[in-house]
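File shown: query23.cif (mmCIF, C-alpha atoms and all ligand atoms).
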data_structure
loop_
_atom_site.label_atom_id
_atom_site.label_comp_id
_atom_site.auth_asym_id
_atom_site.auth_seq_id
_atom_site.Cartn_x
_atom_site.Cartn_y
_atom_site.Cartn_z
CA MET A 192 37.43 65.12 72.83
CA SER A 193 38.03 68.79 72.24
CA ILE A 194 37.80 71.05 75.25
CA SER A 195 36.46 74.58 74.81
CA ALA A 196 38.41 77.04 76.88
CA LYS A 197 36.62 80.12 75.56
CA LEU A 198 36.01 82.46 78.48
CA THR A 199 32.32 82.61 77.59
CA ASP A 200 32.08 78.80 77.84
CA MET A 201 33.86 78.44 81.18
CA PRO A 202 31.65 77.25 84.04
CA ASP A 203 30.31 79.72 86.61
CA HIS A 204 31.41 77.52 89.51
CA GLU A 205 33.68 79.37 91.95
CA LEU A 206 36.00 77.44 94.25
CA ILE A 207 37.16 80.75 95.75
CA GLN A 208 34.76 82.54 98.07
CA ARG A 209 35.55 86.27 97.96
CA GLY A 210 37.22 87.85 100.94
CA THR A 211 40.13 85.39 101.19
CA GLY A 212 43.12 85.85 103.47
CA ALA A 213 45.49 86.00 100.47
CA CYS A 214 47.53 89.12 99.65
CA ALA A 215 46.10 91.48 97.01
CA GLY A 216 47.10 90.18 93.57
CA CYS A 217 47.96 86.68 94.85
CA PRO A 218 48.30 84.04 92.11
CA SER A 219 47.11 81.18 94.33
CA PRO A 220 43.38 82.05 94.47
CA MET A 221 43.64 83.16 90.83
CA GLY A 222 44.86 79.68 89.90
CA LEU A 223 42.38 77.92 92.16
CA ARG A 224 39.49 79.69 90.45
CA ILE A 225 40.53 78.01 87.19
CA VAL A 226 41.00 74.67 88.97
CA GLY A 227 37.46 74.96 90.38
CA LYS A 228 36.00 75.73 86.97
CA ALA A 229 37.79 72.83 85.31
CA LEU A 230 37.20 70.19 88.01
CA GLY A 231 33.73 71.22 89.15
CA PRO A 232 32.37 71.02 92.71
CA ASP A 233 32.90 67.30 93.21
CA ALA A 234 36.51 67.47 94.37
CA ILE A 235 38.64 67.15 97.50
CA MET A 236 41.66 69.39 98.06
CA VAL A 237 44.75 68.54 100.07
CA MET A 238 47.26 71.20 101.09
CA THR A 239 50.65 71.35 102.77
CA PRO A 240 51.67 74.40 104.86
CA SER A 241 51.78 77.42 102.52
CA CYS A 242 50.27 80.76 101.65
CA ALA A 243 47.29 78.82 100.27
CA VAL A 244 46.67 77.44 103.78
CA ALA A 245 47.21 80.82 105.46
CA SER A 246 44.70 82.28 102.95
CA ILE A 247 41.86 80.03 104.13
CA GLY A 248 40.72 82.63 106.63
CA MET A 249 39.69 82.52 110.26
CA MET A 250 38.16 79.45 111.89
CA PRO A 251 35.42 78.37 111.51
CA LYS A 252 35.36 80.07 108.11
CA SER A 253 36.97 78.93 104.86
CA CYS A 254 37.41 80.73 101.54
CA TYR A 255 37.45 77.39 99.68
CA ASP A 256 34.14 75.91 98.57
CA VAL A 257 35.50 72.37 98.55
CA PRO A 258 36.49 69.94 101.32
CA VAL A 259 40.06 70.75 102.37
CA LEU A 260 42.53 68.71 104.36
CA ASN A 261 45.67 70.41 105.69
CA VAL A 262 48.48 67.90 106.03
CA CYS A 263 52.17 68.03 106.91
CA PHE A 264 54.81 68.49 104.22
CA ALA A 265 56.13 64.95 104.48
CA SER A 266 52.74 63.50 103.48
CA ALA A 267 52.34 65.66 100.35
CA GLY A 268 51.79 62.44 98.37
CA ALA A 269 50.62 59.94 100.96
CA SER A 270 47.57 61.88 102.20
CA ALA A 271 46.02 62.40 98.78
CA ALA A 272 46.84 58.79 97.90
CA GLY A 273 45.13 57.59 101.09
CA ILE A 274 41.99 59.62 100.46
CA SER A 275 41.85 58.45 96.86
CA GLY A 276 42.35 54.79 97.84
CA ALA A 277 39.72 55.01 100.58
CA LEU A 278 37.21 56.44 98.10
CA ASP A 279 37.90 53.53 95.73
CA VAL A 280 37.19 51.02 98.51
CA GLN A 281 34.06 52.82 99.67
CA ILE A 282 32.70 52.98 96.14
CA ALA A 283 33.55 49.30 95.52
CA LYS A 284 31.76 48.30 98.74
CA GLY A 285 28.78 50.48 97.92
CA VAL A 286 29.28 52.64 101.03
CA ILE A 287 29.16 55.73 98.83
CA ALA A 288 27.83 56.14 95.32
CA GLY A 289 30.13 57.13 92.45
CA PRO A 290 31.35 58.86 90.46
CA LYS A 291 34.53 59.32 92.45
CA PRO A 292 35.35 62.92 93.41
CA VAL A 293 38.60 64.28 91.97
CA VAL A 294 41.29 64.28 94.64
CA PHE A 295 43.94 66.94 94.18
CA ASN A 296 46.91 68.47 95.94
CA TRP A 297 47.43 72.24 95.92
CA VAL A 298 51.00 72.50 97.11
CA GLY A 299 53.68 75.18 96.83
CA ASP A 300 57.14 74.84 95.32
CA GLY A 301 58.66 74.40 98.77
CA GLY A 302 56.23 71.54 99.41
CA THR A 303 56.84 70.01 95.99
CA TYR A 304 60.49 70.57 95.06
CA ASP A 305 61.96 70.20 98.54
CA ILE A 306 60.15 69.21 101.73
CA GLY A 307 57.44 67.03 100.18
CA PHE A 308 59.54 65.66 97.34
CA GLN A 309 59.78 62.08 98.58
CA GLY A 310 56.02 61.91 99.08
CA VAL A 311 55.22 63.29 95.64
CA SER A 312 57.84 61.06 94.00
CA ALA A 313 56.53 57.96 95.77
CA ALA A 314 52.93 58.71 94.78
CA ALA A 315 54.00 59.17 91.16
CA GLU A 316 55.90 55.89 91.23
CA ARG A 317 52.86 54.07 92.69
CA ASN A 318 50.68 55.84 90.10
CA ASP A 319 48.24 56.89 92.86
CA ASP A 320 45.03 58.33 91.49
CA PHE A 321 45.15 62.10 92.12
CA ILE A 322 46.30 65.36 90.53
CA HIS A 323 49.27 67.11 92.10
CA PHE A 324 49.22 70.83 91.40
CA CYS A 325 52.38 72.69 92.29
CA TYR A 326 51.78 76.43 92.38
CA ASN A 327 55.30 77.67 91.92
CA ASN A 328 55.97 81.11 93.38
CA GLU A 329 59.69 80.31 93.41
CA ALA A 330 60.17 80.66 97.19
CA TYR A 331 58.86 79.81 100.65
CA SER A 332 56.59 82.84 100.56
CA ASN A 333 54.42 82.11 103.57
CA THR A 334 57.30 82.07 106.03
CA GLY A 335 58.84 85.28 104.72
CA VAL A 336 60.38 84.34 101.36
CA GLN A 337 63.23 81.89 101.88
CA ARG A 338 64.99 80.26 98.93
CA SER A 339 63.60 76.99 97.58
CA GLY A 340 64.77 74.52 94.93
CA ALA A 341 62.56 76.53 92.54
CA THR A 342 64.17 79.92 93.25
CA PRO A 343 66.06 81.00 90.13
CA LEU A 344 69.71 82.00 89.87
CA HIS A 345 70.54 85.48 91.27
CA ALA A 346 67.13 86.01 92.94
CA ALA A 347 67.42 87.58 96.39
CA THR A 348 65.44 85.95 99.19
CA THR A 349 65.80 86.31 102.97
CA THR A 350 68.19 83.33 102.97
CA THR A 351 70.03 84.47 99.81
CA PRO A 352 70.25 88.23 100.43
CA ALA A 353 73.05 88.63 97.87
CA GLY A 354 71.15 86.58 95.28
CA LYS A 355 70.94 82.81 94.90
CA SER A 356 74.14 81.33 93.57
CA GLU A 357 72.50 78.15 92.23
CA GLY A 358 69.89 77.67 89.53
CA LYS A 359 66.49 76.00 89.99
CA LYS A 360 65.92 72.29 89.47
CA SER A 361 63.69 71.01 86.66
CA MET A 362 60.87 69.59 88.75
CA PRO A 363 58.38 69.12 85.86
CA LEU A 364 61.00 67.11 83.95
CA LEU A 365 61.85 65.11 87.08
CA MET A 366 58.15 64.26 87.32
CA LEU A 367 58.07 63.34 83.63
CA ASP A 368 60.85 60.84 84.31
CA HIS A 369 58.51 59.09 86.77
CA ALA A 370 56.50 58.23 83.62
CA PRO A 371 52.99 59.18 84.79
CA ALA A 372 50.13 59.47 82.31
CA TYR A 373 50.10 63.26 82.36
CA VAL A 374 52.54 66.04 83.19
CA ALA A 375 52.06 69.68 82.25
CA THR A 376 53.35 73.15 82.97
CA ALA A 377 51.09 76.22 82.94
CA SER A 378 51.16 79.91 83.78
CA ILE A 379 48.84 82.18 85.67
CA ALA A 380 48.98 84.54 82.66
CA TYR A 381 47.49 81.88 80.35
CA PRO A 382 44.28 80.78 82.13
CA GLN A 383 42.77 79.14 79.06
CA ASP A 384 45.82 76.93 78.52
CA PHE A 385 45.74 76.03 82.24
CA TYR A 386 42.01 75.25 82.07
CA LYS A 387 42.44 72.94 79.09
CA LYS A 388 45.25 71.06 80.79
CA ILE A 389 43.22 70.53 83.98
CA ALA A 390 40.18 69.40 81.99
CA LYS A 391 42.39 66.90 80.16
CA ALA A 392 43.99 65.66 83.39
CA LYS A 393 40.57 65.24 85.01
CA ASP A 394 39.66 62.44 82.61
CA ILE A 395 42.88 60.48 83.16
CA LYS A 396 43.26 57.88 85.92
CA GLY A 397 46.43 57.64 87.97
CA PHE A 398 49.04 60.18 88.98
CA ARG A 399 48.94 63.52 87.16
CA TYR A 400 51.25 66.49 87.71
CA ILE A 401 50.52 70.10 86.72
CA GLU A 402 52.85 72.92 87.70
CA LEU A 403 51.57 76.49 87.59
CA HIS A 404 54.04 79.37 87.37
CA ALA A 405 52.75 81.85 89.95
CA PRO A 406 54.54 85.20 90.33
CA CYS A 407 54.33 86.48 93.92
CA GLY A 408 54.38 90.28 94.43
CA PRO A 409 55.58 90.40 98.05
CA GLY A 410 58.18 87.68 97.39
CA TRP A 411 59.52 88.91 94.08
CA LYS A 412 59.05 92.58 94.97
CA PHE A 413 56.64 93.93 92.39
CA PRO A 414 53.28 95.75 92.69
CA ALA A 415 50.09 93.66 93.06
CA SER A 416 48.75 94.81 89.69
CA GLU A 417 51.68 93.15 87.84
CA THR A 418 51.13 89.45 88.70
CA VAL A 419 49.78 88.56 85.26
CA GLU A 420 52.13 90.77 83.26
CA ILE A 421 55.19 89.30 84.98
CA GLY A 422 53.87 85.78 84.40
CA ARG A 423 53.42 86.66 80.73
CA MET A 424 56.95 88.08 80.51
CA ALA A 425 58.35 84.89 82.05
CA VAL A 426 56.75 82.89 79.23
CA LYS A 427 57.68 85.34 76.48
CA THR A 428 61.33 85.42 77.56
CA GLY A 429 61.42 81.63 77.80
CA ALA A 430 62.22 81.81 81.52
CA TRP A 431 59.10 79.67 82.00
CA ALA A 432 58.23 77.07 79.35
CA LEU A 433 54.72 75.81 78.56
CA TRP A 434 54.48 72.13 77.62
CA GLU A 435 52.53 68.97 78.34
CA ALA A 436 53.28 65.27 78.07
CA GLU A 437 50.66 62.58 77.58
CA ASN A 438 52.00 59.08 78.28
CA GLY A 439 55.52 60.42 77.99
CA ALA A 440 55.01 62.12 74.60
CA LEU A 441 56.02 65.74 75.08
CA THR A 442 54.35 68.60 73.21
CA ILE A 443 55.56 72.18 73.56
CA ASN A 444 52.65 74.65 73.70
CA ALA A 445 52.32 78.14 72.25
CA PRO A 446 53.99 80.59 72.64
CA THR A 447 56.93 78.54 73.99
CA LEU A 448 56.94 76.38 70.85
CA GLN A 449 57.54 79.39 68.59
CA LEU A 450 60.46 80.42 70.82
CA ALA A 451 61.94 76.91 70.79
CA GLU A 452 61.62 76.69 67.01
CA GLY A 453 63.23 80.09 66.59
CA LYS A 454 60.08 81.48 64.91
CA THR A 455 59.69 84.30 67.42
CA LYS A 456 62.44 86.14 69.23
CA PRO A 457 62.31 85.91 73.01
CA SER A 458 61.35 89.13 74.83
CA SER A 459 64.16 90.92 76.66
CA LEU A 460 65.29 88.96 79.70
CA GLU A 461 66.66 92.12 81.28
CA ASP A 462 63.22 93.77 81.04
CA TYR A 463 61.72 90.75 82.86
CA LEU A 464 64.36 90.83 85.60
CA LYS A 465 64.45 94.55 86.21
CA VAL A 466 60.76 94.84 87.10
CA GLN A 467 61.34 92.43 90.00
CA GLY A 468 62.97 93.86 93.11
CA ARG A 469 64.48 90.45 93.91
CA PHE A 470 66.94 91.03 91.05
CA ALA A 471 67.83 94.59 92.16
CA GLY A 472 71.24 93.40 93.34
CA LEU A 473 71.96 91.81 89.97
CA MET A 474 70.84 94.97 88.19
CA LYS A 475 73.47 96.98 90.11
CA ASP A 476 76.22 94.38 89.65
CA ALA A 477 79.17 95.33 87.44
CA ALA A 478 79.00 91.85 85.88
CA LYS A 479 75.27 92.24 85.10
CA GLU A 480 75.53 91.99 81.31
CA GLN A 481 77.56 88.82 81.49
CA ALA A 482 75.28 87.27 84.11
CA ILE A 483 72.17 87.95 82.02
CA ALA A 484 73.89 86.51 78.95
CA VAL A 485 74.62 83.31 80.91
CA MET A 486 70.97 83.16 82.04
CA ALA A 487 69.80 83.62 78.43
CA GLN A 488 72.09 80.80 77.33
CA GLY A 489 70.58 78.59 80.02
CA ILE A 490 67.09 79.33 78.67
CA GLU A 491 68.21 78.61 75.11
CA LYS A 492 69.61 75.26 76.16
CA GLU A 493 66.47 74.36 78.10
CA LEU A 494 64.29 75.15 75.07
CA ALA A 495 66.58 73.17 72.75
CA ASP A 496 66.41 70.18 75.13
CA LEU A 497 62.59 70.43 75.26
CA LEU A 498 62.40 70.59 71.47
CA ALA A 499 64.65 67.54 71.11
CA ARG A 500 62.54 65.68 73.67
CA SER A 501 59.33 66.63 71.83
CA LYS A 502 60.72 64.95 68.69
CA ARG A 503 61.66 61.71 70.38
CA MET B 24 34.79 54.67 120.61
CA THR B 25 32.08 56.74 118.98
CA LYS B 26 31.48 56.29 115.27
CA GLU B 27 30.09 59.77 114.67
CA VAL B 28 30.95 61.43 111.39
CA LEU B 29 33.44 64.20 112.02
CA GLN B 30 31.88 67.51 111.06
CA PRO B 31 33.99 69.90 109.01
CA LEU B 32 35.78 72.42 111.18
CA ALA B 33 35.42 75.32 108.78
CA LYS B 34 32.73 76.16 106.26
CA PRO B 35 32.92 78.19 103.03
CA VAL B 36 31.68 81.77 103.36
CA TYR B 37 32.41 85.18 101.87
CA GLY B 38 34.85 87.17 104.00
CA ALA B 39 36.68 84.27 105.64
CA GLY B 40 39.70 86.59 105.63
CA GLY B 41 37.63 89.48 106.97
CA PRO B 42 36.05 92.48 105.19
CA THR B 43 38.90 92.63 102.66
CA GLY B 44 37.48 95.71 100.92
CA THR B 45 38.96 97.71 103.80
CA TRP B 46 42.48 96.75 102.59
CA ARG B 47 42.03 98.92 99.51
CA SER B 48 43.82 102.21 98.93
CA GLN B 49 42.59 102.45 95.34
CA ARG B 50 39.35 101.22 93.85
CA PRO B 51 38.64 99.97 90.33
CA VAL B 52 35.89 101.90 88.53
CA LEU B 53 34.30 100.43 85.41
CA ASP B 54 33.33 102.51 82.39
CA LYS B 55 30.41 100.50 80.99
CA GLU B 56 30.54 102.40 77.69
CA LYS B 57 34.08 101.26 76.98
CA CYS B 58 33.67 97.65 78.17
CA THR B 59 33.51 95.10 75.33
CA GLY B 60 32.60 92.19 77.61
CA CYS B 61 35.78 90.21 76.83
CA LEU B 62 35.77 88.84 80.40
CA LEU B 63 39.53 89.12 80.96
CA CYS B 64 39.03 91.09 84.19
CA TRP B 65 36.52 88.49 85.34
CA ILE B 66 38.92 85.58 84.83
CA TYR B 67 41.99 87.31 86.29
CA CYS B 68 40.41 88.79 89.45
CA PRO B 69 41.96 86.71 92.26
CA GLU B 70 39.01 87.40 94.55
CA ALA B 71 36.22 86.56 92.10
CA VAL B 72 34.50 89.87 92.86
CA ILE B 73 33.75 90.91 89.26
CA ALA B 74 30.31 89.80 88.04
CA ARG B 75 30.43 87.86 84.81
CA GLU B 76 27.17 89.36 83.52
CA ASP B 77 27.86 93.09 83.84
CA ARG B 78 31.37 93.37 85.37
CA ALA B 79 29.88 94.96 88.49
CA ILE B 80 32.52 94.98 91.26
CA ASP B 81 31.81 93.91 94.83
CA TYR B 82 33.58 96.64 96.81
CA GLU B 83 32.94 94.89 100.09
CA TYR B 84 35.69 92.40 99.22
CA CYS B 85 37.69 93.89 96.30
CA LYS B 86 41.26 94.33 97.60
CA GLY B 87 42.20 97.02 95.08
CA CYS B 88 45.08 95.02 93.58
CA GLY B 89 44.57 96.77 90.22
CA LEU B 90 44.96 93.62 88.12
CA CYS B 91 41.61 94.14 86.39
CA ALA B 92 42.58 97.68 85.32
CA ARG B 93 46.04 96.51 84.25
CA GLU B 94 44.72 93.63 82.14
CA CYS B 95 41.68 95.28 80.54
CA PRO B 96 42.69 95.59 76.87
CA VAL B 97 40.53 98.68 76.24
CA GLY B 98 41.18 100.66 79.41
CA ALA B 99 37.60 100.33 80.65
CA ILE B 100 38.67 100.13 84.30
CA ALA B 101 40.37 103.03 86.08
CA MET B 102 42.00 102.88 89.51
CA ILE B 103 40.85 105.80 91.65
CA ARG B 104 42.37 106.71 95.01
CA GLU B 105 39.94 105.88 97.83
CA GLY B 106 38.19 108.98 99.11
CA GLU B 107 38.38 110.71 95.74
CA GLU B 108 35.58 110.99 93.20
CA ALA B 109 35.69 108.93 90.00
C1 LIG C 1 58.21 70.38 108.30
C2 LIG C 1 57.93 71.83 108.26
N1 LIG C 1 58.95 72.69 108.04
C3 LIG C 1 58.69 74.02 107.96
C4 LIG C 1 57.43 74.52 108.11
C5 LIG C 1 57.18 76.00 108.06
N2 LIG C 1 56.51 76.41 106.83
C6 LIG C 1 55.20 76.71 106.80
S1 LIG C 1 54.66 77.30 105.31
C7 LIG C 1 56.23 77.18 104.68
C8 LIG C 1 56.51 77.68 103.28
C9 LIG C 1 56.08 76.75 102.21
O1 LIG C 1 56.53 77.18 100.96
P1 LIG C 1 55.80 76.72 99.67
O2 LIG C 1 55.47 75.29 99.72
O3 LIG C 1 56.61 77.18 98.51
O4 LIG C 1 54.42 77.53 99.71
P2 LIG C 1 54.24 79.15 99.71
O5 LIG C 1 54.31 79.58 101.14
O6 LIG C 1 55.33 79.74 98.89
O7 LIG C 1 52.90 79.38 99.14
C10 LIG C 1 57.13 76.68 105.63
C11 LIG C 1 58.57 76.48 105.40
C12 LIG C 1 56.39 73.58 108.38
N3 LIG C 1 55.13 73.98 108.52
N4 LIG C 1 56.66 72.26 108.44
S1 LIG C 2 38.56 93.42 80.63
FE1 LIG C 2 37.71 95.47 80.15
S2 LIG C 2 36.54 95.16 78.23
FE2 LIG C 2 36.97 93.11 79.07
S3 LIG C 2 35.13 92.62 80.26
FE3 LIG C 2 36.59 93.55 81.71
S4 LIG C 2 36.11 95.76 81.71
FE4 LIG C 2 35.08 94.86 79.95
S1 LIG C 3 41.18 95.50 91.97
FE1 LIG C 3 41.81 93.33 92.14
S2 LIG C 3 40.36 92.45 93.65
FE2 LIG C 3 39.46 94.39 92.92
S3 LIG C 3 38.12 93.81 91.20
FE3 LIG C 3 40.13 94.37 90.32
S4 LIG C 3 41.23 92.41 90.14
FE4 LIG C 3 39.50 92.07 91.58
MG MG C 4 56.37 78.84 97.29
#

As structure tokens - that is how I would like this structure written.
Ligand SMILES: Cc1ncc(C[n+]2csc(CCOP(=O)(O)OP(=O)(O)O)c2C)c(N)n1
Ligand code: SF4
Ligand code: SF4
Ligand SMILES: [Mg+2]
Amino acid sequence: MSISAKLTDMPDHELIQRGTGACAGCPSPMGLRIVGKALGPDAIMVMTPSCAVASIGMMPKSCYDVPVLNVCFASAGASAAGISGALDVQIAKGVIAGPKPVVFNWVGDGGTYDIGFQGVSAAAERNDDFIHFCYNNEAYSNTGVQRSGATPLHAATTTTPAGKSEGKKSMPLLMLDHAPAYVATASIAYPQDFYKKIAKAKDIKGFRYIELHAPCGPGWKFPASETVEIGRMAVKTGAWALWEAENGALTINAPTLQLAEGKTKPSSLEDYLKVQGRFAGLMKDAAKEQAIAVMAQGIEKELADLLARSKR
Amino acid sequence: MTKEVLQPLAKPVYGAGGPTGTWRSQRPVLDKEKCTGCLLCWIYCPEAVIAREDRAIDYEYCKGCGLCARECPVGAIAMIREGEEA
């Protein structure tokens, strides 16, 4: 089945009700709008503590036009699995009519990479029937921007004021090694690619993982108008790679593929870093050139590994 | 124990985060003549306040982030300081 992701063909349905509690330029409602269009109204959303929860608004109002359950970090996988399993039983017993609503998690990088990791990993291993979206803003933004396992090397956060001395972990690849039916990465700057991946995941049963790269202005220290441009730069420098894997078979998507194959030159990594205040310390460091060269080598290696994996 | 169905605690409405248009220091102003209808501003607006049909902007909730102006490929949206004329 081919999925049209032309903007003119995208559904009108809006999951986001205007006037949210999110910061101006926030990538979370931007991403959720695409999720709503791809999944349709018949869905149930589960969230762990995050900016996306704080954005809901003031009780008894909600900015999300979908049933939402706020759960604790530790049950990032178990809650969605429980809802999904209960729906299966209710449909089987005829208590409710099908088709089954799509159950999905909308969880941050803190909730996915770190605090909720065991829950997400266990759900993937059990092949529980839901989609886990990780919107990755590379920090614990909601609590004032602390470092997470997704924060990149040298980025300053409130817990790494001199810049993080470790790199990020490869969460999408860790999920791929759980061997679910579908794993994909996406970027806020490429909404059509994201839409297609969600539409594909929707029709698959079992555990599905989609991670959305989501630049955060207040956290990364850039103006609200730049969210999309910085997301685009991340992809064009190779700092964020776009790929998907169906039943373990990995395909690199454009424009990451052209970078990995050496057909296009990556955009300047320094240009990407210098527009983000979180790298201001690095930009002033005497060893800046060398540090950026090491980061570029890391990207090159990651792309080479992805390319090798895509040919397996 | 009662077996009543638990009612949802919160319901979807516009302005759950308040009248967010008051957050704005700059407002986006559309030049209909220049607009090609590519819909990029519509898809990128985090608040879903740009109408798909005519790109009319709902100023009651637009936060003035400036993403629509930044992403419009033909410069059909200008950011104007609040209180000043377009
Ligand atoms: C067990 C537990 N530890 C810490 C917190 C405090 N807390 C609330 S939101 C949050 C940040 C979550 O970060 P992330 O998942 O990346 O989402 P973001 O805020 O970046 O959107 C934290 C640490 C909590 N609610 N529960
Ligand atoms: S991005 Fe610009 S040209 Fe495209 S629809 Fe919006 S205003 Fe019109
Ligand atoms: S300024 Fe931001 S919130 Fe307002 S219409 Fe443009 S993209 Fe939407
Ligand atoms: Mg985060």

Here is a test: counting all atoms listed in the file, which residue of A:Ala271, A:Val419, A:Val280, A:Val294 is nearest to ligand LIG 3 (chain C)?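 Of A:Ala271, A:Val419, A:Val280, A:Val294, the one nearest ligand LIG 3 (chain C) is A:Val419, counting all atoms listed in the file.
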
Separation of atom CA of A:Pro240 and atom CA of A:Gly222, in Å?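 Atom-to-atom, atom CA of A:Pro240 and atom CA of A:Gly222 are spaced 17.3 Å apart.
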
Around ligand LIG 3 (chain C), at most 7 Å away and counting all atoms listed in the file, which residues are there? Put them as a PyMOL selection string, please. (chain A and resi 215-216) or (chain B and resi 50-51+64+67-73+80+85-92)

Env of A:Arg338: 9 Å cut, atoms = all atoms listed in the file, seq-sep filter 3 positions within chain, self excluded. Answer as a PyMOL selection string. chain A and resi 301+329-332+341-343+346-351+355

List all protein, DNA and RNA residues that have at least one atom no more than 8 Å from any atom of ligand LIG 2 (chain C), counting only C-alpha atoms and all ligand atoms, and write them as an MDAnalysis selection string. chainID B and resid 53:55 57:65 78 91:92 94:100

Å distance separating atom N2 of ligand LIG 1 (chain C) from atom CA of A:Ala377, one decimal place: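 Atom-to-atom, atom N2 of ligand LIG 1 (chain C) to atom CA of A:Ala377, that is 24.5 Å.
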
Can you work out which residues from chain A touch chain B at a cut-off of 7 Å (counting only C-alpha atoms) and hand them back as JSON, numbers by chain? {"A": [198, 207, 208, 209, 210, 211, 212, 215, 216, 217, 218, 220, 221, 247, 248, 249, 250, 251, 252, 253, 254, 255, 256, 415, 416, 417]}

Deliver the residues from the most recent selection as a file, using C-alpha atoms, as a PDB file, keeping the file's coordinate frame.
ATOM      1  CA  LEU A 198      36.010  82.460  78.480  1.00  0.00           C
ATOM      2  CA  ILE A 207      37.160  80.750  95.750  1.00  0.00           C
ATOM      3  CA  GLN A 208      34.760  82.540  98.070  1.00  0.00           C
ATOM      4  CA  ARG A 209      35.550  86.270  97.960  1.00  0.00           C
ATOM      5  CA  GLY A 210      37.220  87.850 100.940  1.00  0.00           C
ATOM      6  CA  THR A 211      40.130  85.390 101.190  1.00  0.00           C
ATOM      7  CA  GLY A 212      43.120  85.850 103.470  1.00  0.00           C
ATOM      8  CA  ALA A 215      46.100  91.480  97.010  1.00  0.00           C
ATOM      9  CA  GLY A 216      47.100  90.180  93.570  1.00  0.00           C
ATOM     10  CA  CYS A 217      47.960  86.680  94.850  1.00  0.00           C
ATOM     11  CA  PRO A 218      48.300  84.040  92.110  1.00  0.00           C
ATOM     12  CA  PRO A 220      43.380  82.050  94.470  1.00  0.00           C
ATOM     13  CA  MET A 221      43.640  83.160  90.830  1.00  0.00           C
ATOM     14  CA  ILE A 247      41.860  80.030 104.130  1.00  0.00           C
ATOM     15  CA  GLY A 248      40.720  82.630 106.630  1.00  0.00           C
ATOM     16  CA  MET A 249      39.690  82.520 110.260  1.00  0.00           C
ATOM     17  CA  MET A 250      38.160  79.450 111.890  1.00  0.00           C
ATOM     18  CA  PRO A 251      35.420  78.370 111.510  1.00  0.00           C
ATOM     19  CA  LYS A 252      35.360  80.070 108.110  1.00  0.00           C
ATOM     20  CA  SER A 253      36.970  78.930 104.860  1.00  0.00           C
ATOM     21  CA  CYS A 254      37.410  80.730 101.540  1.00  0.00           C
ATOM     22  CA  TYR A 255      37.450  77.390  99.680  1.00  0.00           C
ATOM     23  CA  ASP A 256      34.140  75.910  98.570  1.00  0.00           C
ATOM     24  CA  ALA A 415      50.090  93.660  93.060  1.00  0.00           C
ATOM     25  CA  SER A 416      48.750  94.810  89.690  1.00  0.00           C
ATOM     26  CA  GLU A 417      51.680  93.150  87.840  1.00  0.00           C
TER      27      GLU A 417
END

Between atom CA of A:Asn327 and atom CA of A:Gly468, what is the distance, to one decimal in Å?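 Result for atom CA of A:Asn327 versus atom CA of A:Gly468: 18.0 Å, one decimal.
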
Which residues are near ligand LIG 1 (chain C) in this structure, taking near to mean any atom at most 9 Å from a ligand atom and counting all atoms listed in the file? Format them as a PyMOL selection string. chain A and resi 219+239-245+263-265+298-307+325-339+341+407+410

Enclose all atoms of stretch 78-92 of chain B listed in the file in an axis-aligned box, grow every side by 3 Å, and hand back centre and edge lengths in Å to one decimal, as AutoDock Vina command-line options.
--center_x 37.5 --center_y 95.0 --center_z 92.7 --size_x 21.2 --size_y 11.3 --size_z 20.8

Taking 2 positions as the minimum chain separation for residues in the same chain, which residues sit within 8 Å of A:Ala269 when counting all atoms listed in the file? Answer as a list of chain:residue names.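 These residues fall inside the cut-off: A:Ser266, A:Ala267, A:Ala271, A:Ala272, A:Gly273, A:Gly310, A:Val311, A:Ala314.
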
Write the residues of the preceding selection, restricted to C-alpha atoms, as an mmCIF file, in the coordinates of the input.
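Output file again_28.cif is given in full below:
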data_model
loop_
_atom_site.group_PDB
_atom_site.id
_atom_site.type_symbol
_atom_site.label_atom_id
_atom_site.label_comp_id
_atom_site.auth_asym_id
_atom_site.auth_seq_id
_atom_site.Cartn_x
_atom_site.Cartn_y
_atom_site.Cartn_z
ATOM 1 C CA SER A 266 52.740 63.500 103.480
ATOM 2 C CA ALA A 267 52.340 65.660 100.350
ATOM 3 C CA ALA A 271 46.020 62.400 98.780
ATOM 4 C CA ALA A 272 46.840 58.790 97.900
ATOM 5 C CA GLY A 273 45.130 57.590 101.090
ATOM 6 C CA GLY A 310 56.020 61.910 99.080
ATOM 7 C CA VAL A 311 55.220 63.290 95.640
ATOM 8 C CA ALA A 314 52.930 58.710 94.780
#

Within 8 Å of stretch 356-372 of chain A, counting all atoms listed in the file, which residues show up once you throw out same-chain ones fewer than 4 positions away? Write them as number ranges by chain, please. A: 304, 312, 315-316, 318, 340-345, 376, 395-402, 436-439

Compare A:Asp394, A:Asp476, A:Gly285, A:Pro409 by their minimum atom-to-atom distance to ligand MG 4 (chain C), counting only C-alpha atoms and all ligand atoms, and give me the closest one. A:Pro409
